[in-house]
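my_file.cif, holding mmCIF, C-alpha atoms:
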```cif
data_data
#
loop_
_atom_site.label_atom_id
_atom_site.label_comp_id
_atom_site.auth_asym_id
_atom_site.auth_seq_id
_atom_site.Cartn_x
_atom_site.Cartn_y
_atom_site.Cartn_z
CA MET A 1 -4.12 35.56 -30.47
CA GLU A 2 -2.87 39.07 -31.16
CA TYR A 3 -4.85 41.82 -29.48
CA ASP A 4 -5.00 45.38 -30.78
CA LYS A 5 -1.84 45.33 -32.86
CA ALA A 6 -2.85 48.79 -34.16
CA HIS A 7 -2.53 50.11 -30.58
CA VAL A 8 -5.95 51.76 -30.68
CA SER A 9 -6.35 51.29 -26.92
CA ILE A 10 -3.01 52.86 -26.06
CA ASN A 11 -3.55 55.81 -28.39
CA THR A 12 -7.07 56.42 -27.09
CA ILE A 13 -5.96 56.27 -23.45
CA ARG A 14 -3.12 58.70 -24.11
CA GLN A 15 -5.57 61.19 -25.65
CA CYS A 16 -7.24 61.61 -22.25
CA THR A 17 -4.37 63.48 -20.61
CA VAL A 18 -0.63 64.15 -20.77
CA PHE A 19 1.42 61.16 -19.63
CA ASN A 20 4.86 62.72 -20.04
CA ASP A 21 6.71 63.22 -16.73
CA LYS A 22 3.70 61.95 -14.74
CA ALA A 23 3.43 59.37 -11.97
CA VAL A 24 1.01 56.70 -13.23
CA LEU A 25 -0.70 53.79 -11.49
CA GLU A 26 -2.29 51.09 -13.65
CA ILE A 27 -4.73 48.75 -11.92
CA GLY A 28 -5.17 45.43 -13.70
CA CYS A 29 -1.97 45.48 -15.76
CA GLY A 30 -1.99 41.75 -16.53
CA GLN A 31 1.24 40.69 -18.25
CA GLY A 32 2.18 44.31 -18.86
CA LYS A 33 2.09 44.49 -22.65
CA ALA A 34 0.06 47.71 -22.74
CA SER A 35 1.91 49.03 -19.69
CA SER A 36 5.23 48.90 -21.53
CA PHE A 37 3.90 51.30 -24.18
CA LEU A 38 1.94 53.55 -21.84
CA ALA A 39 5.00 53.96 -19.60
CA THR A 40 6.96 55.73 -22.34
CA GLY A 41 7.91 59.22 -21.18
CA THR A 42 6.33 58.93 -17.74
CA ARG A 43 8.23 59.85 -14.58
CA THR A 44 7.16 56.64 -12.85
CA TYR A 45 4.83 53.87 -13.96
CA THR A 46 3.48 51.29 -11.52
CA GLY A 47 1.31 48.38 -12.61
CA ILE A 48 -0.54 46.11 -10.19
CA ASP A 49 -2.45 42.88 -10.71
CA PRO A 50 -3.57 40.09 -8.33
CA ASP A 51 -2.35 37.36 -10.72
CA HIS A 52 1.09 36.24 -9.51
CA GLU A 53 1.99 34.52 -12.78
CA ALA A 54 0.98 37.57 -14.83
CA ILE A 55 3.17 39.83 -12.69
CA LYS A 56 6.07 37.39 -12.98
CA THR A 57 5.77 37.48 -16.79
CA ALA A 58 5.44 41.27 -16.80
CA ARG A 59 8.61 41.67 -14.73
CA GLU A 60 10.54 39.31 -17.00
CA ASN A 61 9.48 41.05 -20.22
CA HIS A 62 9.21 44.72 -19.25
CA GLY A 63 11.88 45.59 -16.72
CA HIS A 64 11.42 49.37 -17.04
CA VAL A 65 8.01 49.23 -15.32
CA ASP A 66 7.44 48.74 -11.58
CA PHE A 67 5.12 45.72 -11.45
CA ARG A 68 3.60 44.63 -8.15
CA ILE A 69 1.01 42.15 -6.92
CA GLY A 70 -2.05 44.01 -5.71
CA THR A 71 -5.72 44.85 -6.10
CA GLY A 72 -7.59 48.10 -6.52
CA GLU A 73 -9.63 47.51 -3.38
CA SER A 74 -6.55 47.75 -1.16
CA LEU A 75 -3.93 50.08 -2.61
CA GLU A 76 -0.69 50.13 -0.65
CA PHE A 77 0.29 53.66 -1.64
CA ASP A 78 0.30 57.00 0.14
CA ASP A 79 -2.47 59.55 -0.36
CA ALA A 80 -2.12 61.77 -3.44
CA SER A 81 0.75 59.68 -4.86
CA PHE A 82 -0.22 59.64 -8.54
CA ASP A 83 -1.03 62.08 -11.35
CA ILE A 84 -2.92 59.38 -13.27
CA VAL A 85 -4.78 56.28 -12.09
CA LEU A 86 -5.83 53.86 -14.81
CA PHE A 87 -8.14 50.85 -14.67
CA THR A 88 -7.49 48.80 -17.83
CA LEU A 89 -10.50 46.53 -18.41
CA SER A 90 -10.31 45.64 -14.74
CA LEU A 91 -12.82 47.58 -12.66
CA HIS A 92 -15.58 44.98 -13.19
CA HIS A 93 -13.26 42.27 -11.84
CA HIS A 94 -13.34 43.83 -8.37
CA HIS A 95 -15.86 42.47 -5.86
CA ASP A 96 -16.47 46.00 -4.58
CA CYS A 97 -16.08 48.47 -7.45
CA GLY A 98 -17.08 51.38 -5.23
CA ARG A 99 -14.27 50.64 -2.80
CA ALA A 100 -11.77 50.37 -5.67
CA LEU A 101 -12.84 53.80 -6.91
CA ASP A 102 -12.59 55.24 -3.40
CA GLN A 103 -9.05 53.89 -3.18
CA ALA A 104 -8.24 55.44 -6.56
CA HIS A 105 -9.64 58.75 -5.31
CA ARG A 106 -7.39 58.55 -2.24
CA VAL A 107 -4.11 57.93 -4.08
CA LEU A 108 -4.86 60.39 -6.91
CA LYS A 109 -3.60 63.94 -6.64
CA ASP A 110 -6.25 66.68 -6.54
CA SER A 111 -5.21 67.76 -10.04
CA GLY A 112 -4.97 64.18 -11.32
CA THR A 113 -6.91 62.19 -13.90
CA LEU A 114 -8.73 58.88 -13.52
CA ILE A 115 -9.03 56.80 -16.70
CA ILE A 116 -11.20 53.69 -16.88
CA THR A 117 -11.63 51.31 -19.80
CA GLU A 118 -14.41 48.72 -19.60
CA PRO A 119 -15.64 46.16 -22.14
CA ALA A 120 -19.02 46.70 -23.78
CA VAL A 121 -21.24 43.65 -23.30
CA GLU A 122 -22.32 43.80 -26.95
CA GLY A 123 -18.79 43.63 -28.36
CA GLU A 124 -18.02 40.56 -30.49
CA PHE A 125 -14.95 39.53 -28.50
CA GLN A 126 -16.69 39.98 -25.15
CA GLN A 127 -19.61 37.76 -26.22
CA PHE A 128 -17.26 34.78 -26.42
CA PHE A 129 -16.24 35.32 -22.80
CA HIS A 130 -19.93 35.46 -21.87
CA LEU A 131 -20.37 31.95 -23.31
CA PHE A 132 -18.46 30.54 -20.36
CA ASN A 133 -18.56 33.28 -17.74
CA ASP A 134 -21.27 35.87 -18.28
CA GLU A 135 -19.93 39.11 -16.81
CA THR A 136 -22.90 41.28 -17.77
CA ASP A 137 -23.89 41.90 -14.14
CA GLN A 138 -20.32 42.73 -13.11
CA ILE A 139 -19.87 45.14 -16.02
CA GLN A 140 -23.17 46.84 -15.15
CA ALA A 141 -22.10 47.07 -11.50
CA ALA A 142 -18.85 48.73 -12.56
CA TYR A 143 -20.76 51.24 -14.69
CA ASN A 144 -23.12 52.03 -11.81
CA SER A 145 -20.14 52.58 -9.51
CA ILE A 146 -18.58 54.97 -12.01
CA GLN A 147 -21.79 56.99 -12.21
CA ASN A 148 -22.11 57.14 -8.42
CA SER A 149 -18.45 57.79 -7.67
CA ARG A 150 -16.74 60.82 -6.16
CA PHE A 151 -15.32 61.76 -9.56
CA ARG A 152 -16.48 64.25 -12.17
CA MET A 153 -16.86 62.95 -15.73
CA ILE A 154 -14.67 64.86 -18.18
CA ARG A 155 -15.25 62.70 -21.22
CA GLN A 156 -16.72 59.33 -22.09
CA ASP A 157 -16.50 57.58 -25.40
CA ARG A 158 -16.03 54.18 -26.94
CA TYR A 159 -13.61 52.70 -29.41
CA HIS A 160 -12.96 49.40 -31.18
CA ALA A 161 -9.92 47.12 -30.94
CA ILE A 162 -9.36 43.96 -32.97
CA ALA A 163 -8.58 40.54 -31.53
CA GLU A 164 -6.99 38.50 -34.31
CA PHE A 165 -6.72 34.71 -34.15
CA GLY A 166 -4.33 33.04 -36.58
CA SER A 167 -6.85 30.34 -37.52
CA LEU A 168 -10.26 28.99 -36.63
CA ASP A 169 -8.59 26.37 -34.45
CA ALA A 170 -6.80 29.12 -32.51
CA LEU A 171 -10.20 30.63 -31.74
CA LEU A 172 -11.71 27.28 -30.76
CA THR A 173 -8.88 26.52 -28.33
CA TYR A 174 -8.56 30.01 -26.80
CA PRO A 175 -9.27 29.78 -23.03
CA PHE A 176 -11.85 32.62 -22.72
CA ASP A 177 -11.43 32.44 -18.93
CA ARG A 178 -12.63 28.82 -18.81
CA ASP A 179 -11.56 26.75 -15.83
CA THR A 180 -11.99 23.56 -17.85
CA VAL A 181 -12.55 22.82 -21.53
CA GLN A 182 -15.60 20.71 -22.33
CA PRO A 183 -16.07 18.63 -25.52
CA GLU A 184 -19.06 20.74 -26.61
CA ASP A 185 -17.21 24.06 -26.24
CA ALA A 186 -15.94 24.10 -29.84
CA ARG A 187 -19.49 23.67 -31.15
CA ARG A 188 -20.71 26.54 -28.97
CA ILE A 189 -17.92 28.82 -30.15
CA LYS A 190 -18.60 27.97 -33.80
CA HIS A 191 -22.30 28.64 -33.33
CA LEU A 192 -21.66 32.03 -31.74
CA LEU A 193 -19.20 32.91 -34.50
CA SER A 194 -21.90 32.18 -37.08
CA THR A 195 -24.25 34.64 -35.33
CA VAL A 196 -21.78 37.54 -35.06
CA GLN A 197 -20.18 37.18 -38.50
CA ALA A 198 -21.83 36.50 -41.82
CA ASN A 199 -19.20 34.07 -43.05
CA ILE A 200 -17.18 31.62 -40.97
CA PRO A 201 -13.55 31.64 -42.22
CA GLN A 202 -11.90 28.52 -43.57
CA PRO A 203 -9.88 26.57 -40.96
CA ASP A 204 -6.55 28.05 -42.12
CA GLN A 205 -7.80 31.64 -42.36
CA PRO A 206 -7.47 34.22 -39.57
CA VAL A 207 -10.49 35.15 -37.48
CA CYS A 208 -10.89 38.78 -36.43
CA LEU A 209 -13.27 39.81 -33.65
CA THR A 210 -14.12 43.38 -32.74
CA ASP A 211 -13.78 44.33 -29.09
CA THR A 212 -15.90 47.35 -28.20
CA ILE A 213 -14.49 49.33 -25.27
CA HIS A 214 -15.97 52.15 -23.20
CA ILE A 215 -13.51 54.74 -21.92
CA TYR A 216 -14.16 57.19 -19.09
CA CYS A 217 -11.87 60.14 -18.32
CA MET A 218 -12.58 61.69 -14.93
CA SER A 219 -11.26 64.19 -12.40
CA LYS A 220 -11.86 64.78 -8.73
CA LYS A 221 -15.01 66.83 -8.19
CA GLY A 222 -14.18 70.50 -8.04
CA ASN A 223 -11.35 70.04 -10.55
CA VAL A 224 -11.53 70.05 -14.34
#
```
Write the structure described by the file as structure tokens, please.
Amino acid sequence: MEYDKAHVSINTIRQCTVFNDKAVLEIGCGQGKASSFLATGTRTYTGIDPDHEAIKTARENHGHVDFRIGTGESLEFDDASFDIVLFTLSLHHHHDCGRALDQAHRVLKDSGTLIITEPAVEGEFQQFFHLFNDETDQIQAAYNSIQNSRFRMIRQDRYHAIAEFGSLDALLTYPFDRDTVQPEDARRIKHLLSTVQANIPQPDQPVCLTDTIHIYCMSKKGNV
């Protein structure tokens, strides 16, 4: 699967604030693919993720970024260390979103910018994750935490990124955060595909799903 090969996410995130010569912390960097692009021109770029294997892959493939194992709920950085703190589709994965935002507030400079991207529950791509692990409540909890946080909203918007699967079989075998694959999973995926798209592609044709993303650009209260 190739996600967002048009780099819509990266371009939209970079429109929030100036990244050049800034100290940036990304929370939920995964394997670091987006990090490697976002780090261009920054003074320092640090990406953290709790997944040890993801961090190992990120370090192997993107040596110019400082990748570390970590979680947003317990940031091991000094106060006011970063110009930009970024949650990339990761805030809703925290057990305590409010604590993660408080930690972001602590390590962000007074003049800094907080950027959060979160999946929209109605997005095509996200619905396939919900088949096996419905995150609607977690996404809503993340949104509520954003609204009740110590930050001031500068801008909120949404954009669309494309997840492209090389074939129908590639879609049917994609993990979608499943712990185990059950025999009936392929039928369930096909059924959902038939409800979100008018025509199911032939087995050898690519399948494109739209991922709808909310983006929030915020500052510390009292700063714009």
Could you pull the residues within 6 Å of segment 81-86 of chain A, counting all atoms listed in the file, minus those fewer than 5 positions along the same chain, as a CSV table (one decimal) with C-alpha atoms, keeping the file's coordinate frame?
```csv
chain,number,residue,atom,x,y,z
A,22,LYS,CA,3.7,62.0,-14.7
A,23,ALA,CA,3.4,59.4,-12.0
A,24,VAL,CA,1.0,56.7,-13.2
A,25,LEU,CA,-0.7,53.8,-11.5
A,26,GLU,CA,-2.3,51.1,-13.6
A,27,ILE,CA,-4.7,48.8,-11.9
A,107,VAL,CA,-4.1,57.9,-4.1
A,108,LEU,CA,-4.9,60.4,-6.9
A,109,LYS,CA,-3.6,63.9,-6.6
A,112,GLY,CA,-5.0,64.2,-11.3
A,113,THR,CA,-6.9,62.2,-13.9
A,114,LEU,CA,-8.7,58.9,-13.5
A,115,ILE,CA,-9.0,56.8,-16.7
A,116,ILE,CA,-11.2,53.7,-16.9
```
Residues of segment 14-109 of chain A at most 9 Å from segment 150-153 of chain A: nearest atom pair and distance in Å, all atoms listed in the file, as a Markdown table:
```
| residue | atom | partner | partner_atom | distance |
| --- | --- | --- | --- | --- |
| A:Leu101 | CA | A:Arg150 | CA | 8.1 |
| A:Asp102 | CA | A:Arg150 | CA | 7.5 |
| A:His105 | CA | A:Arg150 | CA | 7.4 |
```
How would the residues just picked look written out with C-alpha atoms as a short mmCIF file (atom, residue, chain, number, x, y, z; two decimals), keeping the file's coordinate frame?
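Listed below is the output, selection.cif:
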```
data_model
loop_
_atom_site.label_atom_id
_atom_site.label_comp_id
_atom_site.auth_asym_id
_atom_site.auth_seq_id
_atom_site.Cartn_x
_atom_site.Cartn_y
_atom_site.Cartn_z
CA LEU A 101 -12.84 53.80 -6.91
CA ASP A 102 -12.59 55.24 -3.40
CA HIS A 105 -9.64 58.75 -5.31
#
```
Item to check | Shell around Ala163 of chain A at 9 Å using all atoms listed in the file, local window under 3 positions removed, as an NGL selection string | outcome: :A and (1-5 or 125 or 207-211)
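Comparing A:Glu122, A:Asp79, A:Asp179, A:Glu60 by their smallest distance to Ile139 of chain A, the closest is A:Glu122 (using all atoms listed in the file).
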Next on the checklist: For this structure, which residues satisfy the selection - the PyMOL selection byres ((chain A and resi 96) around 10) - when it is evaluated on the file as given? I want them as a list in words.
Outcome noted: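 After applying the PyMOL selection byres ((chain A and resi 96) around 10), what remains is Gly72, Glu73, Leu91, His92, His93, His94, His95, Cys97, Gly98, Arg99, Ala100, Leu101, Gln138, Ala141, Ala142 and Ser145 of chain A.
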Next on the checklist: I need the residue nearest Ile213 of chain A from this list: A:Leu131, A:Val18, A:Ala80, A:Ala161. Use all atoms listed in the file for the distance.
Outcome noted: A:Ala161
Checklist entry - If you measure from atom CA of Ile55 of chain A to atom CA of Leu168 of chain A, what distance in Å do you get, rounded to one decimal? => result 29.5 Å
Next on the checklist: I need the residue nearest Glu184 of chain A from this list: A:Gln15, A:Ala170, A:Thr44, A:Phe132. Use only C-alpha atoms for the distance.
Outcome noted: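 Using only C-alpha atoms, Glu184 of chain A sits closest to A:Phe132.
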Checklist entry - Can you list what the PyMOL selection byres ((chain A and resi 42) around 7) grabs from this structure, as a ChimeraX atom specification? => result /A:19-23,39-41,43-45
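Atom pair atom CA of Ile146 of chain A / atom CA of Ala54 of chain A has a distance of 26.3 Å (rounded to one decimal).
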Checklist entry - Expanded to explicit residues, what is the PyMOL selection byres ((chain A and resi 171) around 10) for this file, as a PyMOL selection string? => result chain A and resi 1+128+164-170+172-176+186+189-190+193+206-209
Next on the checklist: I need the residue nearest Gly70 of chain A from this list: A:Phe37, A:Thr88, A:Gly47, A:Lys56. Use all atoms listed in the file for the distance.
Outcome noted: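 Of all the options, A:Gly47 lies closest to Gly70 of chain A.
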Starting from the structure just given, write a file holding segment 94-208 of chain A with C-alpha atoms, as a compact mmCIF listing (two decimals), in the first residue's frame.
```txt
# COMPACT_ATOMS: atom_id res chain seq x y z
CA HIS A 94 -2.93 7.77 23.94
CA HIS A 95 -4.82 6.43 26.95
CA ASP A 96 -4.88 9.94 28.45
CA CYS A 97 -5.08 12.50 25.64
CA GLY A 98 -5.33 15.36 28.12
CA ARG A 99 -2.05 14.39 29.74
CA ALA A 100 -0.36 14.11 26.34
CA LEU A 101 -1.51 17.64 25.50
CA ASP A 102 -0.31 18.92 28.87
CA GLN A 103 3.09 17.39 28.16
CA ALA A 104 3.12 19.03 24.73
CA HIS A 105 2.27 22.36 26.39
CA ARG A 106 5.20 21.92 28.78
CA VAL A 107 7.87 21.21 26.16
CA LEU A 108 6.59 23.82 23.68
CA LYS A 109 8.07 27.30 23.72
CA ASP A 110 5.70 30.15 24.56
CA SER A 111 5.89 31.33 20.95
CA GLY A 112 5.59 27.80 19.56
CA THR A 113 2.96 26.02 17.48
CA LEU A 114 1.11 22.78 18.21
CA ILE A 115 -0.10 20.85 15.16
CA ILE A 116 -2.42 17.87 15.44
CA THR A 117 -3.70 15.63 12.65
CA GLU A 118 -6.48 13.18 13.47
CA PRO A 119 -8.46 10.79 11.25
CA ALA A 120 -12.10 11.55 10.53
CA VAL A 121 -14.30 8.60 11.46
CA GLU A 122 -16.25 8.96 8.21
CA GLY A 123 -13.20 8.67 5.95
CA GLU A 124 -13.16 5.66 3.61
CA PHE A 125 -9.76 4.40 4.74
CA GLN A 126 -10.58 4.79 8.43
CA GLN A 127 -13.79 2.77 8.07
CA PHE A 128 -11.74 -0.31 7.20
CA PHE A 129 -9.82 0.03 10.46
CA HIS A 130 -13.15 0.30 12.29
CA LEU A 131 -14.14 -3.11 10.91
CA PHE A 132 -11.63 -4.74 13.25
CA ASN A 133 -10.92 -2.11 15.88
CA ASP A 134 -13.52 0.63 16.11
CA GLU A 135 -11.68 3.73 17.29
CA THR A 136 -14.67 6.08 17.17
CA ASP A 137 -14.68 6.60 20.94
CA GLN A 138 -10.92 7.21 21.07
CA ILE A 139 -11.08 9.72 18.21
CA GLN A 140 -13.95 11.54 19.93
CA ALA A 141 -11.99 11.57 23.20
CA ALA A 142 -9.02 13.11 21.40
CA TYR A 143 -11.26 15.79 19.89
CA ASN A 144 -12.77 16.58 23.30
CA SER A 145 -9.28 16.88 24.79
CA ILE A 146 -8.26 19.30 22.05
CA GLN A 147 -11.30 21.48 22.71
CA ASN A 148 -10.66 21.49 26.47
CA SER A 149 -6.89 21.92 26.29
CA ARG A 150 -4.69 24.80 27.40
CA PHE A 151 -4.11 25.81 23.79
CA ARG A 152 -5.74 28.46 21.62
CA MET A 153 -7.07 27.33 18.24
CA ILE A 154 -5.46 29.24 15.37
CA ARG A 155 -6.90 27.23 12.52
CA GLN A 156 -8.73 23.98 11.95
CA ASP A 157 -9.44 22.36 8.64
CA ARG A 158 -9.57 19.01 6.94
CA TYR A 159 -7.93 17.51 3.89
CA HIS A 160 -7.93 14.27 1.93
CA ALA A 161 -5.07 11.83 1.33
CA ILE A 162 -5.21 8.74 -0.86
CA ALA A 163 -4.29 5.22 0.24
CA GLU A 164 -3.56 3.23 -2.92
CA PHE A 165 -3.49 -0.57 -2.93
CA GLY A 166 -1.88 -2.26 -5.93
CA SER A 167 -4.70 -4.78 -6.28
CA LEU A 168 -7.86 -6.00 -4.60
CA ASP A 169 -5.85 -8.80 -2.99
CA ALA A 170 -3.47 -6.22 -1.49
CA LEU A 171 -6.48 -4.57 0.16
CA LEU A 172 -7.89 -7.88 1.40
CA THR A 173 -4.59 -8.88 3.01
CA TYR A 174 -3.70 -5.48 4.51
CA PRO A 175 -3.45 -5.83 8.33
CA PHE A 176 -5.71 -2.89 9.36
CA ASP A 177 -4.37 -3.24 12.91
CA ARG A 178 -5.71 -6.80 13.23
CA ASP A 179 -4.05 -9.05 15.78
CA THR A 180 -5.15 -12.13 13.85
CA VAL A 181 -6.65 -12.68 10.40
CA GLN A 182 -9.93 -14.61 10.34
CA PRO A 183 -11.30 -16.53 7.31
CA GLU A 184 -14.33 -14.23 7.07
CA ASP A 185 -12.27 -11.02 7.05
CA ALA A 186 -11.94 -10.90 3.26
CA ARG A 187 -15.71 -11.09 2.87
CA ARG A 188 -16.19 -8.27 5.36
CA ILE A 189 -13.65 -6.07 3.59
CA LYS A 190 -15.27 -6.73 0.20
CA HIS A 191 -18.69 -5.90 1.61
CA LEU A 192 -17.49 -2.62 3.08
CA LEU A 193 -15.75 -1.74 -0.19
CA SER A 194 -19.04 -2.24 -2.02
CA THR A 195 -20.73 0.25 0.33
CA VAL A 196 -18.10 3.02 0.05
CA GLN A 197 -17.44 2.73 -3.68
CA ALA A 198 -19.90 2.27 -6.51
CA ASN A 199 -17.81 -0.23 -8.42
CA ILE A 200 -15.47 -2.86 -6.99
CA PRO A 201 -12.28 -2.97 -9.11
CA GLN A 202 -11.20 -6.10 -10.92
CA PRO A 203 -8.71 -8.26 -8.95
CA ASP A 204 -5.69 -6.90 -10.87
CA GLN A 205 -6.76 -3.24 -10.69
CA PRO A 206 -5.59 -0.79 -8.00
CA VAL A 207 -7.94 0.19 -5.19
CA CYS A 208 -7.85 3.79 -3.97
```
